[in-house]
Amino acid sequence: MLIRCGYTISFATEMKTAMMALLSVHPSRHQDLRTPQRLMADPDIPLYHYEDSFGNVATRLTIPPGGVTLSCDFVIEDSGEPDVRAPDGPKTPVEDLPDAVMPFLLGSRYCETDRLMDVAWANFAHYASARDRVDAIVDFVHNHIEFGYHHARSDKTAWNSYQERQGVCRDFAHLAVTLCRCMNIPARYCTGYLGDIGIPPVDAPMDFSAWFDVYIDGDWYTYDARHNQPRIGRILMARGRDATDVALTTAFGLANLIRFDVHTDEVQSIE
């Protein structure tokens with residue numbers, strides 16, 4: 001299937017302000033692009049792209065006094081297949097895990113494994129297989145947190161979400177990631193596009209989405225604690241330890257968000 005994705009995001013500034021953005025499709029999906037993916041800035045200012053330590057495409061820019069509008073629109077091909085469930089089997093011992101996945105077992109800014117270790121082992125230790133543990137964690141988080149955009153808070157951690165039982169998609173992902181790490185299952189935070197494809201339309205503004213990957217039996221598998229069902233048409237933008245690593249934009253100064261529009265729709269042709 002073909003999916004048209006993009007955004008228009010505007011910031012207002014009073015003075016020159018440096019910014020870093022992770023608004024590009026992840027390199028692992030570049031071969032699926034069917035039209036060019038060009039990040040545009042208005043006014044036309046220099047944009048510098050580089051690959052960060054997690055393999056994401058990051059963009060550096062300097063917003064002029066007054067502000068900037070960032071936009072992008074492209075068509076990408078997707079398999080149309082839902083998320084693949086991890087295979088059943090025993091959990092891989094930590095000593096046998098590859099070096100590259102070890103950072104995704106550790107606590108991080110929004111994923112306080114030390115504070116949730118007892119919760120995790122009390123609730124999920126009796127599951128023998130890694131897949132069963134992840135399934136149980138996803139079910140738990142899905143039922144534990146009430147979703148609502150008015151619950152969003154930039155400083156909310158997994159521990160806060162566990163206590164408050166409210167949040168948005170990033171909070172579902174942070175709590176699930178943390179509980180998986182507590183159970184010695186490597187987990188990484190992901191962000192990208194997820195439209196209402198294969199499900200009834202949702203009466204809410206389109207937004208970017210957050211989900212997570214777990215490392216089981218030698219590979220990464222995608223899970224989504226907010227929706228708690230395999231979904232079609234995820235377009236990955238960035239992944240890392242938590243939202244600190246994959247923030248959509250980070251301003252090094254005062255930049256007020258004044259417009260935020262995202263679109264993700266199945267289309268029949270490129271035109």
# chains A, B, ... in the order shown; residues from 1 in each chain; ligands from 1
call {"tool": "residues_around", "arguments": {"residues": "range 7-14 of chain A", "least_positions_apart": "4", "cutoff": "8 Å", "atoms": "only C-alpha atoms", "output": "list in words"}}
result
Ile63, Pro64, Pro65, Gly66, Gly67, Val68, Thr69, Leu70, Ser71, Cys72, Asp73, Leu254, Ala255, Asn256, Leu257, Ile258, Arg259, Phe260, Asp261, Val262 and His263 of chain A
call {"tool": "write_last_selection", "arguments": {"atoms": "C-alpha atoms", "output": "short mmCIF file (atom, residue, chain, number, x, y, z; two decimals), in the first residue's frame"}}
result
data_model
loop_
_atom_site.label_atom_id
_atom_site.label_comp_id
_atom_site.auth_asym_id
_atom_site.auth_seq_id
_atom_site.Cartn_x
_atom_site.Cartn_y
_atom_site.Cartn_z
CA ILE A 63 15.70 29.76 13.70
CA PRO A 64 15.88 33.45 12.79
CA PRO A 65 14.15 36.13 14.90
CA GLY A 66 10.43 35.87 14.22
CA GLY A 67 10.28 32.11 13.78
CA VAL A 68 10.18 29.32 11.22
CA THR A 69 7.78 26.82 9.67
CA LEU A 70 9.07 23.31 9.02
CA SER A 71 7.15 21.11 6.59
CA CYS A 72 7.43 17.86 4.70
CA ASP A 73 5.22 15.75 2.44
CA LEU A 254 12.83 30.04 23.73
CA ALA A 255 10.74 28.82 20.78
CA ASN A 256 6.96 28.81 21.10
CA LEU A 257 5.05 26.15 19.16
CA ILE A 258 2.24 27.91 17.28
CA ARG A 259 1.21 25.29 14.69
CA PHE A 260 1.35 21.50 14.64
CA ASP A 261 -0.33 19.57 11.82
CA VAL A 262 0.43 15.95 10.90
CA HIS A 263 -1.11 13.84 8.14
#
call {"tool": "closest_atom_pairs", "arguments": {"of": "range 184-226 of chain A", "to": "range 235-248 of chain A", "cutoff": "8 Å", "atoms": "only C-alpha atoms", "output": "JSON lines"}}
result
{"residue": "A:Ala187", "atom": "CA", "partner": "A:Arg241", "partner_atom": "CA", "distance": 7.9}
{"residue": "A:Arg188", "atom": "CA", "partner": "A:Arg241", "partner_atom": "CA", "distance": 5.3}
{"residue": "A:Tyr189", "atom": "CA", "partner": "A:Asp242", "partner_atom": "CA", "distance": 5.0}
{"residue": "A:Cys190", "atom": "CA", "partner": "A:Arg239", "partner_atom": "CA", "distance": 4.3}
{"residue": "A:Thr191", "atom": "CA", "partner": "A:Ala238", "partner_atom": "CA", "distance": 5.5}
{"residue": "A:Gly192", "atom": "CA", "partner": "A:Leu236", "partner_atom": "CA", "distance": 4.5}
{"residue": "A:Tyr193", "atom": "CA", "partner": "A:Ile235", "partner_atom": "CA", "distance": 5.0}
{"residue": "A:Leu194", "atom": "CA", "partner": "A:Ile235", "partner_atom": "CA", "distance": 6.6}
call {"tool": "residues_around", "arguments": {"residues": "range 167-176 of chain A", "least_positions_apart": "4", "cutoff": "8 Å", "atoms": "only C-alpha atoms", "output": "PyMOL selection string"}}
result
chain A and resi 110-111+137-138+141-142+145-149+151-152+156-159+161-162+180+189+209-212+224-226+242-243
call {"tool": "write_last_selection", "arguments": {"atoms": "C-alpha atoms", "output": "short mmCIF file (atom, residue, chain, number, x, y, z; two decimals), in the first residue's frame"}}
result
data_model
loop_
_atom_site.label_atom_id
_atom_site.label_comp_id
_atom_site.auth_asym_id
_atom_site.auth_seq_id
_atom_site.Cartn_x
_atom_site.Cartn_y
_atom_site.Cartn_z
CA TYR A 110 12.22 8.64 31.50
CA CYS A 111 12.58 4.93 32.29
CA ILE A 137 3.36 -6.15 30.29
CA VAL A 138 1.53 -4.64 27.30
CA VAL A 141 0.15 -0.95 30.82
CA HIS A 142 -2.80 -0.69 28.43
CA ILE A 145 -3.07 4.07 32.08
CA GLU A 146 -6.00 6.22 30.97
CA PHE A 147 -5.25 7.89 27.63
CA GLY A 148 -5.92 11.60 27.17
CA TYR A 149 -4.09 14.44 25.43
CA HIS A 151 -2.69 14.30 30.51
CA ALA A 152 0.46 15.15 28.51
CA LYS A 156 6.38 12.77 33.08
CA THR A 157 8.41 9.60 33.61
CA ALA A 158 7.44 5.93 33.64
CA TRP A 159 7.25 6.06 37.44
CA SER A 161 2.71 7.36 34.73
CA TYR A 162 2.55 4.26 36.91
CA CYS A 180 10.51 -4.96 30.02
CA TYR A 189 11.46 3.63 22.45
CA SER A 209 2.84 8.24 17.68
CA ALA A 210 5.09 6.40 20.14
CA TRP A 211 5.54 2.65 20.49
CA PHE A 212 8.39 0.33 21.46
CA ASP A 224 2.19 -0.84 21.24
CA ALA A 225 0.88 -0.57 24.79
CA ARG A 226 -1.52 2.25 24.02
CA ASP A 242 13.49 7.01 25.59
CA ALA A 243 11.92 10.30 24.47
#
call {"tool": "closest_residue", "arguments": {"among": "A:Val101, A:Val75, A:Leu61, A:Met206", "to": "Ser269 in chain A", "atoms": "only C-alpha atoms"}}
result
A:Val75
call {"tool": "select_by_dssp", "arguments": {"residues": "range 38-217 of chain A", "states": "helix (DSSP H, G or I)", "output": "VMD selection string"}}
result
chain A and resid 94 to 96 99 to 105 113 to 124 130 to 144 149 to 151 158 to 164 169 to 182
call {"tool": "atom_distance", "arguments": {"atom1": "CA of Phe104 in chain A", "atom2": "CA of Met19 in chain A"}}
result
26.4 Å
call {"tool": "closest_residue", "arguments": {"among": "A:Arg181, A:Ala128, A:Asp265, A:Phe54", "to": "Ala100 in chain A", "atoms": "only C-alpha atoms"}}
result
A:Phe54
call {"tool": "closest_residue", "arguments": {"among": "A:Asp219, A:Ile232, A:Asp132, A:Thr113", "to": "Leu179 in chain A", "atoms": "only C-alpha atoms"}}
result
A:Thr113
call {"tool": "residues_around", "arguments": {"residues": "Thr222 in chain A", "least_positions_apart": "5", "cutoff": "7 Å", "atoms": "only C-alpha atoms", "output": "ChimeraX atom specification"}}
result
/A:83-84,212-214
call {"tool": "write_last_selection", "arguments": {"atoms": "C-alpha atoms", "output": "CSV table (one decimal), in the first residue's frame"}}
result
chain,number,residue,atom,x,y,z
A,83,ASP,CA,3.0,-5.8,13.4
A,84,VAL,CA,4.7,-9.2,13.7
A,212,PHE,CA,8.4,0.3,21.5
A,213,ASP,CA,10.5,-2.6,20.2
A,214,VAL,CA,11.7,-5.6,22.3
call {"tool": "decode", "arguments": {"residues": "range 15-29 of chain A", "atoms": "all heavy atoms", "output": "short mmCIF file (atom, residue, chain, number, x, y, z; two decimals), in the first residue's frame"}}
result
data_model
loop_
_atom_site.label_atom_id
_atom_site.label_comp_id
_atom_site.auth_asym_id
_atom_site.auth_seq_id
_atom_site.Cartn_x
_atom_site.Cartn_y
_atom_site.Cartn_z
N MET A 15 14.38 35.87 19.15
CA MET A 15 15.79 36.01 18.81
C MET A 15 16.28 34.74 18.11
O MET A 15 15.60 33.72 18.09
CB MET A 15 16.63 36.28 20.06
CG MET A 15 16.57 35.18 21.11
SD MET A 15 17.46 35.63 22.62
CE MET A 15 16.44 37.00 23.18
N LYS A 16 17.44 34.80 17.53
CA LYS A 16 18.05 33.65 16.87
C LYS A 16 18.15 32.49 17.86
O LYS A 16 18.66 32.66 18.97
CB LYS A 16 19.43 34.05 16.33
CG LYS A 16 20.11 32.97 15.52
CD LYS A 16 21.35 33.51 14.85
CE LYS A 16 22.43 33.86 15.86
NZ LYS A 16 23.72 34.22 15.20
N THR A 17 17.66 31.31 17.45
CA THR A 17 17.60 30.16 18.35
C THR A 17 18.02 28.89 17.63
O THR A 17 17.45 28.53 16.59
CB THR A 17 16.17 29.98 18.89
OG1 THR A 17 15.73 31.19 19.52
CG2 THR A 17 16.10 28.84 19.90
N ALA A 18 18.99 28.19 18.18
CA ALA A 18 19.42 26.92 17.62
C ALA A 18 18.41 25.83 17.93
O ALA A 18 17.78 25.83 18.99
CB ALA A 18 20.80 26.54 18.16
N MET A 19 18.26 24.89 17.00
CA MET A 19 17.31 23.79 17.19
C MET A 19 17.86 22.51 16.58
O MET A 19 18.57 22.55 15.57
CB MET A 19 15.95 24.14 16.56
CG MET A 19 14.92 23.01 16.59
SD MET A 19 13.28 23.51 16.01
CE MET A 19 12.68 24.34 17.50
N MET A 20 17.50 21.40 17.20
CA MET A 20 17.77 20.09 16.63
C MET A 20 16.42 19.39 16.44
O MET A 20 15.55 19.48 17.31
CB MET A 20 18.65 19.26 17.56
CG MET A 20 19.00 17.88 17.00
SD MET A 20 20.17 16.99 18.05
CE MET A 20 19.17 16.69 19.51
N ALA A 21 16.24 18.73 15.29
CA ALA A 21 14.96 18.07 15.00
C ALA A 21 15.19 16.65 14.50
O ALA A 21 16.15 16.38 13.78
CB ALA A 21 14.19 18.87 13.95
N LEU A 22 14.31 15.74 14.92
CA LEU A 22 14.30 14.37 14.39
C LEU A 22 12.95 14.18 13.70
O LEU A 22 12.04 13.55 14.23
CB LEU A 22 14.51 13.34 15.50
CG LEU A 22 15.97 13.05 15.87
CD1 LEU A 22 16.55 14.18 16.71
CD2 LEU A 22 16.09 11.74 16.61
N LEU A 23 12.83 14.74 12.52
CA LEU A 23 11.57 14.78 11.78
C LEU A 23 11.66 14.04 10.45
O LEU A 23 10.75 14.15 9.62
CB LEU A 23 11.15 16.23 11.55
CG LEU A 23 10.70 17.00 12.80
CD1 LEU A 23 10.57 18.49 12.49
CD2 LEU A 23 9.38 16.45 13.32
N SER A 24 12.73 13.30 10.24
CA SER A 24 12.92 12.57 8.99
C SER A 24 12.57 11.09 9.18
O SER A 24 12.66 10.55 10.28
CB SER A 24 14.36 12.69 8.50
OG SER A 24 14.69 14.03 8.23
N VAL A 25 12.19 10.44 8.10
CA VAL A 25 11.96 9.00 8.13
C VAL A 25 13.27 8.29 8.47
O VAL A 25 14.35 8.69 8.03
CB VAL A 25 11.41 8.52 6.77
CG1 VAL A 25 11.39 7.00 6.69
CG2 VAL A 25 10.02 9.08 6.54
N HIS A 26 13.18 7.24 9.25
CA HIS A 26 14.36 6.49 9.65
C HIS A 26 15.04 5.86 8.42
O HIS A 26 14.36 5.42 7.48
CB HIS A 26 13.97 5.38 10.64
CG HIS A 26 15.12 4.75 11.32
ND1 HIS A 26 15.74 3.61 10.82
CD2 HIS A 26 15.81 5.08 12.44
CE1 HIS A 26 16.73 3.27 11.63
NE2 HIS A 26 16.79 4.14 12.61
N PRO A 27 16.37 5.80 8.40
CA PRO A 27 17.08 5.23 7.24
C PRO A 27 16.63 3.82 6.87
O PRO A 27 16.71 3.42 5.70
CB PRO A 27 18.54 5.25 7.69
CG PRO A 27 18.62 6.40 8.63
CD PRO A 27 17.31 6.40 9.37
N SER A 28 16.13 3.05 7.83
CA SER A 28 15.67 1.70 7.53
C SER A 28 14.46 1.68 6.61
O SER A 28 14.14 0.63 6.02
CB SER A 28 15.34 0.96 8.83
OG SER A 28 14.27 1.58 9.51
N ARG A 29 13.80 2.84 6.43
CA ARG A 29 12.64 2.91 5.55
C ARG A 29 12.91 3.70 4.28
O ARG A 29 12.00 3.91 3.47
CB ARG A 29 11.44 3.54 6.28
CG ARG A 29 10.92 2.79 7.49
CD ARG A 29 10.45 1.37 7.15
NE ARG A 29 9.46 1.30 6.09
CZ ARG A 29 8.13 1.31 6.29
NH1 ARG A 29 7.65 1.37 7.53
NH2 ARG A 29 7.30 1.23 5.28
#
